[in-house]
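Next comes upload18.cif, with mmCIF, C-alpha atoms.
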data_model
#
loop_
_atom_site.label_atom_id
_atom_site.label_comp_id
_atom_site.auth_asym_id
_atom_site.auth_seq_id
_atom_site.Cartn_x
_atom_site.Cartn_y
_atom_site.Cartn_z
CA MET A 1 0.00 0.00 0.00
CA LYS A 2 1.30 3.36 -0.99
CA MET A 3 1.15 6.11 1.70
CA HIS A 4 0.83 9.70 0.74
CA ARG A 5 2.57 12.19 2.96
CA SER A 6 1.42 15.70 3.06
CA LEU A 7 3.77 18.33 1.69
CA PHE A 8 3.07 20.30 4.85
CA ASP A 9 4.62 17.54 7.01
CA SER A 10 7.93 17.61 5.15
CA VAL A 11 8.22 21.40 4.89
CA THR A 12 7.11 22.26 8.42
CA PRO A 13 10.33 21.27 10.30
CA SER A 14 12.55 23.12 7.82
CA LEU A 15 10.34 26.18 7.92
CA MET A 16 10.30 26.21 11.74
CA VAL A 17 14.12 26.01 11.89
CA ALA A 18 14.44 28.85 9.38
CA LEU A 19 11.98 31.06 11.26
CA LEU A 20 13.61 30.37 14.63
CA GLY A 21 17.02 31.21 13.14
CA ALA A 22 15.71 34.47 11.73
CA VAL A 23 14.17 35.47 15.05
CA VAL A 24 17.32 34.67 17.04
CA TRP A 25 19.65 36.28 14.51
CA GLY A 26 17.46 39.37 14.13
CA HIS A 27 17.22 39.95 17.89
CA ALA A 28 20.79 39.30 18.92
CA ALA A 29 22.10 41.57 21.62
CA PRO A 30 23.99 44.55 20.20
CA ALA A 31 27.71 44.80 20.81
CA ARG A 32 28.45 46.62 24.05
CA ALA A 33 30.75 49.59 24.02
CA ALA A 34 33.77 49.19 26.28
CA SER A 35 34.27 52.04 28.72
CA PHE A 36 37.19 53.03 30.93
CA THR A 37 36.83 55.43 33.88
CA SER A 38 39.56 57.43 35.59
CA THR A 39 39.50 60.36 38.03
CA VAL A 40 42.18 62.95 38.81
CA SER A 41 42.15 65.56 41.59
CA VAL A 42 43.48 68.90 40.36
CA SER A 43 44.60 71.72 42.63
CA VAL A 44 43.56 75.03 41.07
CA SER A 45 44.06 78.67 42.01
CA GLY A 46 43.80 82.07 40.45
CA THR A 47 42.50 85.58 40.88
CA LEU A 48 39.84 87.25 38.80
CA THR A 49 38.29 90.66 38.78
CA THR A 50 34.55 91.10 38.60
CA THR A 51 31.84 93.59 39.44
CA SER A 52 29.34 93.09 42.25
CA PRO A 53 25.60 93.58 41.64
CA ALA A 54 26.03 96.95 43.42
CA GLY A 55 28.61 97.99 40.80
CA THR A 56 31.78 97.83 42.93
CA ALA A 57 34.95 96.18 41.65
CA GLU A 58 35.97 92.90 43.28
CA SER A 59 39.24 90.98 43.19
CA VAL A 60 38.43 87.36 44.11
CA SER A 61 41.19 84.86 44.80
CA PHE A 62 40.13 81.24 44.24
CA SER A 63 41.72 77.98 45.33
CA GLY A 64 40.64 74.41 45.88
CA ILE A 65 40.40 70.95 44.37
CA VAL A 66 38.59 70.09 41.15
CA GLN A 67 37.62 66.47 40.55
CA VAL A 68 38.13 65.64 36.88
CA LYS A 69 36.48 62.41 35.78
CA ALA A 70 37.06 60.91 32.34
CA VAL A 71 34.99 58.09 30.90
CA ILE A 72 36.46 56.83 27.66
CA VAL A 73 33.96 54.91 25.52
CA GLU A 74 34.96 52.86 22.50
CA ASP A 75 32.65 52.35 19.54
CA PRO A 76 32.42 48.59 18.84
CA ASP A 77 30.38 48.97 15.66
CA PHE A 78 32.05 51.59 13.50
CA GLY A 79 35.64 51.73 14.75
CA THR A 80 35.67 55.52 15.16
CA PRO A 81 38.03 57.12 17.69
CA PRO A 82 36.86 56.69 21.31
CA ILE A 83 34.69 59.35 22.93
CA ILE A 84 35.80 61.05 26.15
CA LEU A 85 33.07 62.12 28.56
CA LEU A 86 34.70 64.68 30.87
CA SER A 87 33.19 65.88 34.13
CA PHE A 88 34.68 68.80 36.09
CA ASP A 89 33.35 69.13 39.66
CA LEU A 90 34.23 72.58 41.04
CA SER A 91 32.31 72.22 44.33
CA GLY A 92 35.64 72.02 46.21
CA VAL A 93 36.71 75.48 45.01
CA THR A 94 36.15 78.64 47.08
CA GLY A 95 37.11 82.28 46.68
CA VAL A 96 37.70 85.30 48.90
CA ASP A 97 37.32 88.97 47.94
CA ALA A 98 40.58 90.75 48.80
CA ALA A 99 38.89 94.02 49.87
CA THR A 100 35.84 92.82 51.84
CA GLY A 101 36.78 89.26 52.86
CA THR A 102 33.52 87.96 51.39
CA LYS A 103 33.71 84.21 50.81
CA PHE A 104 32.50 82.89 47.42
CA VAL A 105 31.38 79.35 46.52
CA THR A 106 30.25 77.33 43.52
CA SER A 107 28.56 73.97 43.07
CA ASN A 108 29.23 73.84 39.36
CA VAL A 109 29.74 70.55 37.50
CA THR A 110 30.57 70.95 33.82
CA ARG A 111 30.32 68.03 31.39
CA ILE A 112 32.13 68.02 28.06
CA GLN A 113 32.26 65.39 25.32
CA ARG A 114 35.20 65.05 22.93
CA ARG A 115 36.90 62.48 20.67
CA LEU A 116 40.14 60.88 21.88
CA THR A 117 42.32 61.70 18.89
CA GLN A 118 45.48 62.92 20.62
CA ARG A 119 47.45 62.48 23.85
CA THR A 120 46.80 66.03 25.11
CA ASP A 121 43.86 68.39 25.15
CA ALA A 122 43.00 71.84 26.48
CA VAL A 123 39.57 72.67 27.91
CA GLN A 124 38.21 76.09 28.88
CA PHE A 125 34.80 76.94 30.31
CA SER A 126 33.09 79.48 32.53
CA PHE A 127 31.39 78.81 35.85
CA PRO A 128 29.02 80.69 38.17
CA PHE A 129 29.99 81.67 41.71
CA TRP A 130 28.22 83.62 44.44
CA PRO A 131 28.69 84.83 48.03
CA SER A 132 28.56 81.99 50.56
CA GLY A 133 25.24 81.82 52.38
CA THR A 134 23.20 83.14 49.44
CA THR A 135 21.29 81.26 46.78
CA GLY A 136 23.20 82.95 43.97
CA ILE A 137 19.99 83.75 42.09
CA THR A 138 20.59 87.50 42.04
CA THR A 139 24.17 87.60 43.36
CA SER A 140 26.08 85.30 41.01
CA ARG A 141 29.13 86.27 39.02
CA VAL A 142 31.06 84.41 36.30
CA GLY A 143 34.60 83.06 36.42
CA GLY A 144 36.66 81.11 33.94
CA THR A 145 38.75 77.95 34.13
CA SER A 146 41.39 76.45 31.91
CA PHE A 147 42.61 72.84 32.05
CA SER A 148 45.42 70.98 30.29
CA LEU A 149 44.75 67.25 30.08
CA SER A 150 47.01 64.36 29.13
CA PHE A 151 45.81 60.84 28.33
CA ASP A 152 47.38 57.40 28.33
CA VAL A 153 45.94 56.29 25.02
CA LEU A 154 46.98 52.64 25.42
CA LYS A 155 45.41 52.27 28.89
CA ARG A 156 42.43 54.44 27.87
CA MET A 157 42.69 56.75 30.89
CA LEU A 158 43.20 60.33 31.97
CA ALA A 159 46.83 60.39 33.10
CA ASN A 160 47.27 63.97 34.34
CA ALA A 161 45.55 67.34 34.52
CA THR A 162 46.50 70.87 35.53
CA GLY A 163 44.18 73.82 35.85
CA SER A 164 43.82 77.47 36.71
CA ILE A 165 41.13 80.07 37.33
CA ALA A 166 40.97 83.48 35.62
CA ASN A 167 38.56 85.89 33.99
CA PRO A 168 36.44 84.23 31.32
#

Whole structure given in structure tokens:
Amino acid sequence: MKMHRSLFDSVTPSLMVALLGAVVWGHAAPARAASFTSTVSVSVSGTLTTTSPAGTAESVSFSGIVQVKAVIVEDPDFGTPPIILLSFDLSGVTGVDAATGTKFVTSNVTRIQRRLTQRTDAVQFSFPFWPSGTTGITTSRVGGTSFSLSFDVLKRMLANATGSIANP
């Protein structure tokens, strides 16, 4: 006796394997970017001149420690140069007005993104500061910072940093 098998019975297993393969291949986890984190404490100082809200000239001398954090992220998909996510925490920096003795503070954290294409880099940015004990809403002034950074490209880390404070 001759048995007839359905075409569906012979195609079904092959079709199921093909569909399962497509689903698994199409939903594979993306490649994860490797990241490397390093932090450097930088002693900064400098004097800047500014004008108070009342219109009087001020000479404010700043000093303190800035925490510089660098997260270096590599691109696993396109092979472009790594990205550096820089974070500068100035909350450890204070200033004093030479004439009045008024103490100034800041809680500024500045974030900057760059490509790691060379061993050294220079970064400049401004930051707000205000008299200690005030909210800074109507009493803030603006200062400037400048940092020189050096990287260990092979270890993917921030190797050294120096900084200063001056007029923006």

Shell around Gly64 in chain A at 8 Å using all atoms listed in the file, local window under 2 positions removed, as a PDB file with C-alpha atoms, keeping the file's coordinate frame:
ATOM      1  CA  SER A  43      44.600  71.720  42.630  1.00  0.00           C
ATOM      2  CA  VAL A  44      43.560  75.030  41.070  1.00  0.00           C
ATOM      3  CA  SER A  45      44.060  78.670  42.010  1.00  0.00           C
ATOM      4  CA  PHE A  62      40.130  81.240  44.240  1.00  0.00           C
ATOM      5  CA  VAL A  66      38.590  70.090  41.150  1.00  0.00           C
ATOM      6  CA  GLY A  92      35.640  72.020  46.210  1.00  0.00           C
ATOM      7  CA  VAL A  93      36.710  75.480  45.010  1.00  0.00           C
ATOM      8  CA  THR A  94      36.150  78.640  47.080  1.00  0.00           C
TER       9      THR A  94
END

message: I'd like to see the residues matched by the PyMOL selection byres ((chain A and resi 36) around 12) on this file, and ideally I'd get them as a PyMOL selection string.
response: chain A and resi 33-35+37-39+69-74+82-86+151-158

Non-local contacts of Gly136 in chain A (12 Å; only C-alpha atoms; under 6 positions in same chain excluded) as a compact mmCIF listing (two decimals) with C-alpha atoms, keeping the file's coordinate frame:
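Final output, selection-v7.txt:
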# COMPACT_ATOMS: atom_id res chain seq x y z
CA SER A 52 29.34 93.09 42.25
CA PRO A 53 25.60 93.58 41.64
CA PHE A 104 32.50 82.89 47.42
CA VAL A 105 31.38 79.35 46.52
CA THR A 106 30.25 77.33 43.52
CA SER A 107 28.56 73.97 43.07
CA ASN A 108 29.23 73.84 39.36
CA PRO A 128 29.02 80.69 38.17
CA PHE A 129 29.99 81.67 41.71
CA TRP A 130 28.22 83.62 44.44
CA VAL A 142 31.06 84.41 36.30

field: Residues within 7 Å of Ala98 in chain A, only C-alpha atoms, excluding chain neighbours under 2 positions, as a PyMOL selection string
entry: chain A and resi 59-60+96+100-101

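Selection check: the PyMOL selection byres ((chain A and resi 117) around 8) on the shown file gives Pro81, Pro82, Arg115, Leu116, Gln118 and Arg119 of chain A.
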
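We find CA of Thr145 in chain A and CA of Glu58 in chain A to be spaced 17.7 Å apart.
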
query: Applied to this file, what does the PyMOL selection byres ((chain A and resi 88) around 7) return in terms of residues, put as a VMD selection string?
result: chain A and resid 66 to 69 86 to 87 89 to 90 109 to 111

- prompt: Which is closest to Leu149 in chain A among A:Ala54, A:Leu48, A:Val40, A:Ala122, if we use only C-alpha atoms?
  reply: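 Going through A:Ala54, A:Leu48, A:Val40, A:Ala122 one by one, the smallest distance to Leu149 in chain A is for A:Ala122.
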
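Pairwise distance (CA of Thr138 in chain A, CA of Thr56 in chain A) equals 15.3 Å.
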
task: Name the closest residue to Arg141 in chain A among the candidates A:Ala161, A:Ala99, A:Ala57, A:Val42; distances are taken between atoms, counting all atoms listed in the file.
output: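 The answer is A:Ala57, which sits nearest to Arg141 in chain A.
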
message: What does the structure give for the distance between CA of Asn160 in chain A and CA of Ser148 in chain A, in Å to one decimal?
response: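 One can read the CA of Asn160 in chain A to CA of Ser148 in chain A distance as 8.3 Å.
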
Padded axis-aligned box of range 49-63 of chain A (5 Å per side), centre and edge lengths, Å, one decimal, as AutoDock Vina command-line options:
--center_x 33.7 --center_y 88.0 --center_z 42.0 --size_x 26.1 --size_y 30.0 --size_z 16.7

Counting only C-alpha atoms, the residue of A:Thr47, A:Gly144, A:Val123, A:Pro76 that sits nearest Asp97 in chain A: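 Checking each candidate against Asp97 in chain A, we get A:Thr47 as the closest.
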